Amino acid sequence: MTVIDARGLRKEFTVRVKTGRLRRERRVRAAVDGIDLRVERGEMLGYIGPNGAGKSTTLKMLTGVLMPSAGEVRVCGLRPVAQRTRLALRIGVVFGQRSQLWWDLPLRESFDLLRHVYRVPAAEHAARLRRCRDLLDLDGFLDVPVRQLSLGQRMRGELTAALLHGPEVLFLDEPTIGLDVVSRQAVRGFLGELGRAGDTTLVLTTHDLADIERLCRRLVVVDHGRVVHDGSIAQLHHRYGSRRLVVADLDAPMVEPPALPGARLHQVTADGRRLAYALESAGVAEVVAGLAGLASLRDISVVEPDIEEVVARLYRSPAENPAQDRTADERAAEDEAPAATA
Ligand SMILES: Nc1ncnc2c1ncn2[C@@H]1O[C@H](COP(=O)(O)OP(=O)(O)OP(=O)(O)O)[C@@H](O)[C@H]1O
């Protein structure tokens, strides 16, 4: 079942652009420039892109905060802006910068108020809260006013608050930003559980690619308001030719590393004791067997391709991204004059 269906989604803002020493002109800029996105129930979607790519603007249109300038969008079959109140009962939203908790109330009371706001039956609310308390380890700070919570504690509270009414789709904008290792793991673990259960669809924007690697099977990359990749992380690696590496440490140096079928020699250390082969058509076992027949192996490891590297290449690659053909002067002028009206 399709829960998000956006076609030709576009959002324009009017910005004031510096055109001379004292002159400024108003220009229309597309923050989101024709995005098509279909998300099925239960998917875990990573929605990423460099700063200013249009991620938050997209999320705001999907959640009914911003009216699209053009395009069609349905979330849970509803028009987000026109049917915002009905939509609010079907989605949950966690925006790292904004809180839906009451600052002066203890978490427990915020959760209770939310039960009334969303009119959730008491038993359902209690069951969901119990699950969140267990998985997010809330009990140590349930009675602490929100303003006294650490960022990690508050984020765990925000996640709970977004889920107590049992939303079908959960939108998360940078949910792990600024969290320490323990809180980040707690939040990731929780989202992973939620996704595996299969009835909540997750749409996650983050600059932390480890979040994406651990949680999302599908990755949509946007740049300058357009989709530049929509597929799995493996497909992204494939597109950029990044390969898994088999790294072999040898007992004795090898002056001439052998050619192995289905693999490409990637690196040899100066002392000739470590070789790395990039897997093309061969599997790990074939490469290891090939090497073992020619040298005495001390250690073998397999290195997965680096997602940071491949995503950085995607962000940098103008040939892949026609949206980048705005001139450098135009972009520089905008950067100097960020004043804008919606
Ligand atoms: N209210 C607004 N008025 C004018 N321009 C805006 C407004 N909101 C966003 N923009 C512009 O739209 C573009 C996309 O912004 P958006 O916040 O969606 O990017 P983002 O991908 O979420 O970035 P980040 O990763 O930095 O959060 C940016 O160039 C931004 O300056």
# chains A, B, ... in the order shown; residues from 1 in each chain; ligands from 1

call {"tool": "residues_around", "arguments": {"residues": "region 195-205 of chain A", "least_positions_apart": "4", "cutoff": "6 Å", "atoms": "only C-alpha atoms", "output": "number ranges by chain"}}
result
A: 41-48, 168-174

call {"tool": "write_last_selection", "arguments": {"atoms": "N, CA and C atoms", "output": "PDB file, in the first residue's frame"}}
result
ATOM      1  N   ARG A  41       4.020   1.199   2.444  1.00  0.00           N
ATOM      2  CA  ARG A  41       3.865   0.947   3.873  1.00  0.00           C
ATOM      3  C   ARG A  41       5.004   0.061   4.398  1.00  0.00           C
ATOM      4  N   GLY A  42       5.565   0.456   5.539  1.00  0.00           N
ATOM      5  CA  GLY A  42       6.603  -0.350   6.184  1.00  0.00           C
ATOM      6  C   GLY A  42       8.009  -0.076   5.674  1.00  0.00           C
ATOM      7  N   GLU A  43       8.141   0.781   4.665  1.00  0.00           N
ATOM      8  CA  GLU A  43       9.497   1.084   4.176  1.00  0.00           C
ATOM      9  C   GLU A  43      10.252   1.945   5.189  1.00  0.00           C
ATOM     10  N   MET A  44      11.580   1.805   5.160  1.00  0.00           N
ATOM     11  CA  MET A  44      12.425   2.701   5.963  1.00  0.00           C
ATOM     12  C   MET A  44      13.267   3.465   4.966  1.00  0.00           C
ATOM     13  N   LEU A  45      12.952   4.717   4.810  1.00  0.00           N
ATOM     14  CA  LEU A  45      13.540   5.516   3.739  1.00  0.00           C
ATOM     15  C   LEU A  45      14.493   6.561   4.303  1.00  0.00           C
ATOM     16  N   GLY A  46      15.718   6.556   3.805  1.00  0.00           N
ATOM     17  CA  GLY A  46      16.662   7.618   4.164  1.00  0.00           C
ATOM     18  C   GLY A  46      16.555   8.710   3.121  1.00  0.00           C
ATOM     19  N   TYR A  47      16.357   9.938   3.568  1.00  0.00           N
ATOM     20  CA  TYR A  47      16.197  11.054   2.637  1.00  0.00           C
ATOM     21  C   TYR A  47      17.341  12.013   2.933  1.00  0.00           C
ATOM     22  N   ILE A  48      18.365  11.994   2.087  1.00  0.00           N
ATOM     23  CA  ILE A  48      19.567  12.748   2.444  1.00  0.00           C
ATOM     24  C   ILE A  48      19.955  13.723   1.336  1.00  0.00           C
ATOM     25  N   GLU A 168       0.937   5.941  11.319  1.00  0.00           N
ATOM     26  CA  GLU A 168       1.314   5.012  10.247  1.00  0.00           C
ATOM     27  C   GLU A 168       2.657   5.402   9.639  1.00  0.00           C
ATOM     28  N   VAL A 169       2.926   6.712   9.633  1.00  0.00           N
ATOM     29  CA  VAL A 169       4.192   7.182   9.071  1.00  0.00           C
ATOM     30  C   VAL A 169       4.882   8.058  10.106  1.00  0.00           C
ATOM     31  N   LEU A 170       6.170   7.813  10.302  1.00  0.00           N
ATOM     32  CA  LEU A 170       6.939   8.648  11.224  1.00  0.00           C
ATOM     33  C   LEU A 170       7.987   9.412  10.427  1.00  0.00           C
ATOM     34  N   PHE A 171       7.918  10.747  10.493  1.00  0.00           N
ATOM     35  CA  PHE A 171       8.896  11.602   9.814  1.00  0.00           C
ATOM     36  C   PHE A 171       9.920  12.058  10.845  1.00  0.00           C
ATOM     37  N   LEU A 172      11.178  11.852  10.529  1.00  0.00           N
ATOM     38  CA  LEU A 172      12.230  12.213  11.484  1.00  0.00           C
ATOM     39  C   LEU A 172      13.246  13.103  10.783  1.00  0.00           C
ATOM     40  N   ASP A 173      13.412  14.300  11.306  1.00  0.00           N
ATOM     41  CA  ASP A 173      14.389  15.219  10.723  1.00  0.00           C
ATOM     42  C   ASP A 173      15.567  15.314  11.699  1.00  0.00           C
ATOM     43  N   GLU A 174      16.672  14.724  11.349  1.00  0.00           N
ATOM     44  CA  GLU A 174      17.892  14.734  12.170  1.00  0.00           C
ATOM     45  C   GLU A 174      17.639  14.250  13.609  1.00  0.00           C
TER      46      GLU A 174
END

call {"tool": "residues_around", "arguments": {"residues": "region 67-83 of chain A", "least_positions_apart": "3", "cutoff": "7 Å", "atoms": "only C-alpha atoms", "output": "PyMOL selection string"}}
result
chain A and resi 3-12+61-64+86-87

call {"tool": "write_last_selection", "arguments": {"atoms": "C-alpha atoms", "output": "PDB file, in the first residue's frame"}}
result
ATOM      1  CA  VAL A   3       1.511   5.766   2.003  1.00  0.00           C
ATOM      2  CA  ILE A   4       3.385   8.656   0.380  1.00  0.00           C
ATOM      3  CA  ASP A   5       2.737   9.637  -3.196  1.00  0.00           C
ATOM      4  CA  ALA A   6       4.299  12.868  -4.401  1.00  0.00           C
ATOM      5  CA  ARG A   7       4.480  13.857  -8.052  1.00  0.00           C
ATOM      6  CA  GLY A   8       6.248  16.874  -9.435  1.00  0.00           C
ATOM      7  CA  LEU A   9       6.449  18.349  -5.945  1.00  0.00           C
ATOM      8  CA  ARG A  10       7.806  21.870  -6.064  1.00  0.00           C
ATOM      9  CA  LYS A  11       8.314  24.681  -3.588  1.00  0.00           C
ATOM     10  CA  GLU A  12       9.432  28.138  -4.597  1.00  0.00           C
ATOM     11  CA  MET A  61       5.228  19.754   2.477  1.00  0.00           C
ATOM     12  CA  LEU A  62       4.621  16.090   3.282  1.00  0.00           C
ATOM     13  CA  THR A  63       3.492  16.917   6.804  1.00  0.00           C
ATOM     14  CA  GLY A  64       1.235  19.828   5.846  1.00  0.00           C
ATOM     15  CA  ARG A  86      -6.857  14.410   9.932  1.00  0.00           C
ATOM     16  CA  LEU A  87      -3.309  13.804   8.783  1.00  0.00           C
TER      17      LEU A  87
END

call {"tool": "residues_near_ligand", "arguments": {"ligand": "ligand 1", "cutoff": "6 Å", "atoms": "only C-alpha atoms and all ligand atoms", "output": "PyMOL selection string"}}
result
chain A and resi 13+15+31+49-57+340-342

call {"tool": "atom_distance", "arguments": {"atom1": "CA of Val247 (chain A)", "atom2": "CA of Glu309 (chain A)"}}
result
18.7 Å

call {"tool": "residues_around", "arguments": {"residues": "Ala162 (chain A)", "least_positions_apart": "5", "cutoff": "12 Å", "atoms": "only C-alpha atoms", "output": "PyMOL selection string"}}
result
chain A and resi 88-95+99-101+110-111+114-115+118+125+128-129+132+155-157+167-172+175+200

call {"tool": "write_last_selection", "arguments": {"atoms": "N, CA and C atoms", "output": "PDB file, in the first residue's frame"}}
result
ATOM      1  N   ALA A  88      -2.687  14.691  10.955  1.00  0.00           N
ATOM      2  CA  ALA A  88      -1.930  14.686  12.224  1.00  0.00           C
ATOM      3  C   ALA A  88      -2.216  13.421  13.048  1.00  0.00           C
ATOM      4  N   LEU A  89      -3.402  12.846  12.881  1.00  0.00           N
ATOM      5  CA  LEU A  89      -3.732  11.627  13.634  1.00  0.00           C
ATOM      6  C   LEU A  89      -3.062  10.395  13.033  1.00  0.00           C
ATOM      7  N   ARG A  90      -2.592  10.520  11.791  1.00  0.00           N
ATOM      8  CA  ARG A  90      -2.051   9.344  11.095  1.00  0.00           C
ATOM      9  C   ARG A  90      -0.521   9.372  10.978  1.00  0.00           C
ATOM     10  N   ILE A  91       0.076  10.542  11.276  1.00  0.00           N
ATOM     11  CA  ILE A  91       1.542  10.620  11.159  1.00  0.00           C
ATOM     12  C   ILE A  91       2.147  11.069  12.490  1.00  0.00           C
ATOM     13  N   GLY A  92       3.439  10.801  12.632  1.00  0.00           N
ATOM     14  CA  GLY A  92       4.190  11.324  13.775  1.00  0.00           C
ATOM     15  C   GLY A  92       5.369  12.110  13.219  1.00  0.00           C
ATOM     16  N   VAL A  93       5.752  13.146  13.941  1.00  0.00           N
ATOM     17  CA  VAL A  93       6.813  14.005  13.430  1.00  0.00           C
ATOM     18  C   VAL A  93       7.835  14.269  14.537  1.00  0.00           C
ATOM     19  N   VAL A  94       9.097  14.031  14.236  1.00  0.00           N
ATOM     20  CA  VAL A  94      10.160  14.406  15.174  1.00  0.00           C
ATOM     21  C   VAL A  94      11.131  15.294  14.406  1.00  0.00           C
ATOM     22  N   PHE A  95      11.071  16.568  14.678  1.00  0.00           N
ATOM     23  CA  PHE A  95      12.014  17.503  14.069  1.00  0.00           C
ATOM     24  C   PHE A  95      13.011  17.887  15.147  1.00  0.00           C
ATOM     25  N   SER A  99      10.181  21.050  19.541  1.00  0.00           N
ATOM     26  CA  SER A  99       9.690  20.094  20.524  1.00  0.00           C
ATOM     27  C   SER A  99       8.173  20.050  20.534  1.00  0.00           C
ATOM     28  N   GLN A 100       7.637  18.880  20.781  1.00  0.00           N
ATOM     29  CA  GLN A 100       6.195  18.824  20.959  1.00  0.00           C
ATOM     30  C   GLN A 100       5.844  18.513  22.416  1.00  0.00           C
ATOM     31  N   LEU A 101       6.855  18.697  23.286  1.00  0.00           N
ATOM     32  CA  LEU A 101       6.628  18.434  24.706  1.00  0.00           C
ATOM     33  C   LEU A 101       6.397  19.754  25.433  1.00  0.00           C
ATOM     34  N   SER A 110       3.352  15.271  30.024  1.00  0.00           N
ATOM     35  CA  SER A 110       3.270  15.611  28.599  1.00  0.00           C
ATOM     36  C   SER A 110       2.619  14.452  27.846  1.00  0.00           C
ATOM     37  N   PHE A 111       3.047  13.236  28.176  1.00  0.00           N
ATOM     38  CA  PHE A 111       2.503  12.064  27.481  1.00  0.00           C
ATOM     39  C   PHE A 111       1.006  11.931  27.752  1.00  0.00           C
ATOM     40  N   LEU A 114      -0.901  14.429  25.735  1.00  0.00           N
ATOM     41  CA  LEU A 114      -0.969  14.012  24.324  1.00  0.00           C
ATOM     42  C   LEU A 114      -2.047  12.949  24.116  1.00  0.00           C
ATOM     43  N   ARG A 115      -2.248  12.125  25.120  1.00  0.00           N
ATOM     44  CA  ARG A 115      -3.306  11.116  25.008  1.00  0.00           C
ATOM     45  C   ARG A 115      -4.657  11.798  24.792  1.00  0.00           C
ATOM     46  N   TYR A 118      -4.831  13.626  21.240  1.00  0.00           N
ATOM     47  CA  TYR A 118      -5.075  12.693  20.120  1.00  0.00           C
ATOM     48  C   TYR A 118      -6.250  11.745  20.389  1.00  0.00           C
ATOM     49  N   HIS A 125      -2.833   3.605  24.772  1.00  0.00           N
ATOM     50  CA  HIS A 125      -1.805   4.559  25.168  1.00  0.00           C
ATOM     51  C   HIS A 125      -0.844   3.898  26.156  1.00  0.00           C
ATOM     52  N   ARG A 128       1.482   1.354  24.448  1.00  0.00           N
ATOM     53  CA  ARG A 128       2.552   1.969  23.645  1.00  0.00           C
ATOM     54  C   ARG A 128       3.606   2.612  24.555  1.00  0.00           C
ATOM     55  N   LEU A 129       3.107   3.257  25.611  1.00  0.00           N
ATOM     56  CA  LEU A 129       4.043   3.914  26.526  1.00  0.00           C
ATOM     57  C   LEU A 129       4.945   2.874  27.199  1.00  0.00           C
ATOM     58  N   CYS A 132       7.671   1.934  24.806  1.00  0.00           N
ATOM     59  CA  CYS A 132       8.693   2.988  24.674  1.00  0.00           C
ATOM     60  C   CYS A 132       9.545   3.071  25.931  1.00  0.00           C
ATOM     61  N   MET A 155      15.258  13.747  23.388  1.00  0.00           N
ATOM     62  CA  MET A 155      14.985  13.132  22.091  1.00  0.00           C
ATOM     63  C   MET A 155      14.239  11.816  22.269  1.00  0.00           C
ATOM     64  N   ARG A 156      14.585  11.060  23.312  1.00  0.00           N
ATOM     65  CA  ARG A 156      13.864   9.808  23.563  1.00  0.00           C
ATOM     66  C   ARG A 156      12.416  10.116  23.933  1.00  0.00           C
ATOM     67  N   GLY A 157      12.239  11.234  24.665  1.00  0.00           N
ATOM     68  CA  GLY A 157      10.880  11.676  24.995  1.00  0.00           C
ATOM     69  C   GLY A 157      10.116  12.101  23.740  1.00  0.00           C
ATOM     70  N   PRO A 167       1.045   6.307  14.946  1.00  0.00           N
ATOM     71  CA  PRO A 167       1.034   6.822  13.573  1.00  0.00           C
ATOM     72  C   PRO A 167       1.442   5.761  12.552  1.00  0.00           C
ATOM     73  N   GLU A 168       0.937   5.941  11.319  1.00  0.00           N
ATOM     74  CA  GLU A 168       1.314   5.012  10.247  1.00  0.00           C
ATOM     75  C   GLU A 168       2.657   5.402   9.639  1.00  0.00           C
ATOM     76  N   VAL A 169       2.926   6.712   9.633  1.00  0.00           N
ATOM     77  CA  VAL A 169       4.192   7.182   9.071  1.00  0.00           C
ATOM     78  C   VAL A 169       4.882   8.058  10.106  1.00  0.00           C
ATOM     79  N   LEU A 170       6.170   7.813  10.302  1.00  0.00           N
ATOM     80  CA  LEU A 170       6.939   8.648  11.224  1.00  0.00           C
ATOM     81  C   LEU A 170       7.987   9.412  10.427  1.00  0.00           C
ATOM     82  N   PHE A 171       7.918  10.747  10.493  1.00  0.00           N
ATOM     83  CA  PHE A 171       8.896  11.602   9.814  1.00  0.00           C
ATOM     84  C   PHE A 171       9.920  12.058  10.845  1.00  0.00           C
ATOM     85  N   LEU A 172      11.178  11.852  10.529  1.00  0.00           N
ATOM     86  CA  LEU A 172      12.230  12.213  11.484  1.00  0.00           C
ATOM     87  C   LEU A 172      13.246  13.103  10.783  1.00  0.00           C
ATOM     88  N   PRO A 175      17.125  13.046  13.787  1.00  0.00           N
ATOM     89  CA  PRO A 175      16.791  12.622  15.154  1.00  0.00           C
ATOM     90  C   PRO A 175      17.997  12.332  16.031  1.00  0.00           C
ATOM     91  N   THR A 200       5.006   0.549  10.754  1.00  0.00           N
ATOM     92  CA  THR A 200       5.238   1.990  10.695  1.00  0.00           C
ATOM     93  C   THR A 200       6.223   2.291   9.564  1.00  0.00           C
TER      94      THR A 200
END

call {"tool": "atom_distance", "arguments": {"atom1": "CA of Leu37 (chain A)", "atom2": "CA of Thr206 (chain A)"}}
result
17.7 Å

call {"tool": "atom_distance", "arguments": {"atom1": "CA of Leu135 (chain A)", "atom2": "CA of Arg119 (chain A)"}}
result
23.7 Å

call {"tool": "residues_around", "arguments": {"residues": "Leu215 (chain A)", "least_positions_apart": "3", "cutoff": "7 Å", "atoms": "only C-alpha atoms", "output": "ChimeraX atom specification"}}
result
/A:44,192,211-212

call {"tool": "closest_residue", "arguments": {"among": "A:Val228, A:Val182, A:Val221, A:Ala289", "to": "Val246 (chain A)", "atoms": "only C-alpha atoms"}}
result
A:Ala289

call {"tool": "residues_around", "arguments": {"residues": "Arg239 (chain A)", "least_positions_apart": "5", "cutoff": "12 Å", "atoms": "only C-alpha atoms", "output": "mmCIF file with N, CA and C atoms, in the first residue's frame"}}
result
data_model
loop_
_atom_site.group_PDB
_atom_site.id
_atom_site.type_symbol
_atom_site.label_atom_id
_atom_site.label_comp_id
_atom_site.auth_asym_id
_atom_site.auth_seq_id
_atom_site.Cartn_x
_atom_site.Cartn_y
_atom_site.Cartn_z
ATOM 1 N N VAL A 228 18.614 12.859 -7.001
ATOM 2 C CA VAL A 228 19.755 12.440 -7.812
ATOM 3 C C VAL A 228 20.074 10.956 -7.624
ATOM 4 N N HIS A 229 19.455 10.326 -6.644
ATOM 5 C CA HIS A 229 19.563 8.864 -6.517
ATOM 6 C C HIS A 229 18.338 8.363 -5.774
ATOM 7 N N ASP A 230 17.769 7.272 -6.251
ATOM 8 C CA ASP A 230 16.680 6.623 -5.527
ATOM 9 C C ASP A 230 16.897 5.123 -5.682
ATOM 10 N N GLY A 231 17.335 4.495 -4.619
ATOM 11 C CA GLY A 231 17.617 3.056 -4.694
ATOM 12 C C GLY A 231 18.306 2.619 -3.422
ATOM 13 N N SER A 232 18.840 1.409 -3.457
ATOM 14 C CA SER A 232 19.492 0.905 -2.247
ATOM 15 C C SER A 232 20.908 1.481 -2.134
ATOM 16 N N ILE A 233 21.500 1.288 -0.965
ATOM 17 C CA ILE A 233 22.882 1.719 -0.773
ATOM 18 C C ILE A 233 23.786 0.890 -1.693
ATOM 19 N N ALA A 234 23.455 -0.388 -1.845
ATOM 20 C CA ALA A 234 24.257 -1.248 -2.728
ATOM 21 C C ALA A 234 24.221 -0.708 -4.160
ATOM 22 N N VAL A 310 31.262 7.522 -0.994
ATOM 23 C CA VAL A 310 30.446 7.445 -2.207
ATOM 24 C C VAL A 310 29.392 8.564 -2.217
ATOM 25 N N VAL A 311 28.885 8.897 -1.056
ATOM 26 C CA VAL A 311 27.904 9.987 -1.007
ATOM 27 C C VAL A 311 28.589 11.327 -1.279
ATOM 28 N N ARG A 313 31.056 11.771 -3.198
ATOM 29 C CA ARG A 313 31.255 11.834 -4.651
ATOM 30 C C ARG A 313 29.965 12.209 -5.355
ATOM 31 N N LEU A 314 28.870 11.696 -4.863
ATOM 32 C CA LEU A 314 27.579 12.024 -5.476
ATOM 33 C C LEU A 314 27.263 13.518 -5.298
ATOM 34 N N GLU A 320 26.373 14.475 -12.875
ATOM 35 C CA GLU A 320 25.256 13.603 -12.524
ATOM 36 C C GLU A 320 24.029 14.405 -12.156
#

call {"tool": "select_by_dssp", "arguments": {"residues": "region 17-236 of chain A", "states": "strand (DSSP E or B)", "output": "PyMOL selection string"}}
result
chain A and resi 17-18+24-40+44-48+70-75+78+91-95+106+145+169-173+201-205+218-223+226-232

call {"tool": "write_last_selection", "arguments": {"atoms": "C-alpha atoms", "output": "CSV table (one decimal), in the first residue's frame"}}
result
chain,number,residue,atom,x,y,z
A,17,VAL,CA,19.4,38.8,-4.6
A,18,LYS,CA,22.2,41.3,-4.5
A,24,ARG,CA,18.8,44.0,-4.7
A,25,GLU,CA,16.2,42.2,-6.9
A,26,ARG,CA,13.6,39.7,-5.9
A,27,ARG,CA,14.0,36.3,-7.6
A,28,VAL,CA,12.0,33.1,-7.3
A,29,ARG,CA,14.1,30.1,-6.4
A,30,ALA,CA,12.9,26.5,-6.3
A,31,ALA,CA,14.0,24.9,-3.0
A,32,VAL,CA,12.2,21.7,-4.2
A,33,ASP,CA,12.2,21.3,-7.9
A,34,GLY,CA,9.9,18.6,-9.1
A,35,ILE,CA,10.3,15.7,-6.7
A,36,ASP,CA,8.6,12.4,-7.4
A,37,LEU,CA,8.4,10.1,-4.4
A,38,ARG,CA,6.4,6.9,-3.7
A,39,VAL,CA,6.8,5.2,-0.4
A,40,GLU,CA,5.1,1.9,0.5
A,44,MET,CA,12.4,2.7,6.0
A,45,LEU,CA,13.5,5.5,3.7
A,46,GLY,CA,16.7,7.6,4.2
A,47,TYR,CA,16.2,11.1,2.6
A,48,ILE,CA,19.6,12.7,2.4
A,70,ALA,CA,3.1,22.9,-7.6
A,71,GLY,CA,2.7,19.2,-7.8
A,72,GLU,CA,0.5,16.6,-6.3
A,73,VAL,CA,1.0,15.0,-2.9
A,74,ARG,CA,-0.9,12.5,-0.8
A,75,VAL,CA,0.1,11.1,2.5
A,78,LEU,CA,-4.8,12.7,2.4
A,91,ILE,CA,1.5,10.6,11.2
A,92,GLY,CA,4.2,11.3,13.8
A,93,VAL,CA,6.8,14.0,13.4
A,94,VAL,CA,10.2,14.4,15.2
A,95,PHE,CA,12.0,17.5,14.1
A,106,PRO,CA,7.4,16.2,33.5
A,145,PRO,CA,10.4,18.5,33.8
A,169,VAL,CA,4.2,7.2,9.1
A,170,LEU,CA,6.9,8.6,11.2
A,171,PHE,CA,8.9,11.6,9.8
A,172,LEU,CA,12.2,12.2,11.5
A,173,ASP,CA,14.4,15.2,10.7
A,201,THR,CA,6.8,3.7,7.7
A,202,LEU,CA,9.9,5.7,8.5
A,203,VAL,CA,11.2,8.7,6.6
A,204,LEU,CA,14.5,9.8,8.0
A,205,THR,CA,16.6,12.8,7.1
A,218,ARG,CA,16.2,2.6,0.5
A,219,LEU,CA,18.1,5.8,0.0
A,220,VAL,CA,16.8,8.9,-1.8
A,221,VAL,CA,19.5,11.6,-2.3
A,222,VAL,CA,18.4,15.1,-3.2
A,223,ASP,CA,20.5,18.0,-4.4
A,226,ARG,CA,15.9,17.3,-7.3
A,227,VAL,CA,16.3,13.6,-6.7
A,228,VAL,CA,19.8,12.4,-7.8
A,229,HIS,CA,19.6,8.9,-6.5
A,230,ASP,CA,16.7,6.6,-5.5
A,231,GLY,CA,17.6,3.1,-4.7
A,232,SER,CA,19.5,0.9,-2.2

call {"tool": "closest_residue", "arguments": {"among": "A:Asp306, A:Thr85, A:Glu158, A:Ser296", "to": "Ala210 (chain A)", "atoms": "only C-alpha atoms"}}
result
A:Asp306

call {"tool": "closest_residue", "arguments": {"among": "A:Val65, A:Leu245, A:Leu105, A:Ala126", "to": "Leu142 (chain A)", "atoms": "only C-alpha atoms"}}
result
A:Leu105

call {"tool": "select_by_dssp", "arguments": {"residues": "region 68-161 of chain A", "states": "alpha helix (DSSP H)", "output": "ChimeraX atom specification"}}
result
/A:84-88,107-118,122-136,151-161

call {"tool": "closest_residue", "arguments": {"among": "A:Thr176, A:Thr160, A:Gln185, A:Gln97", "to": "Leu138 (chain A)", "atoms": "only C-alpha atoms"}}
result
A:Thr160
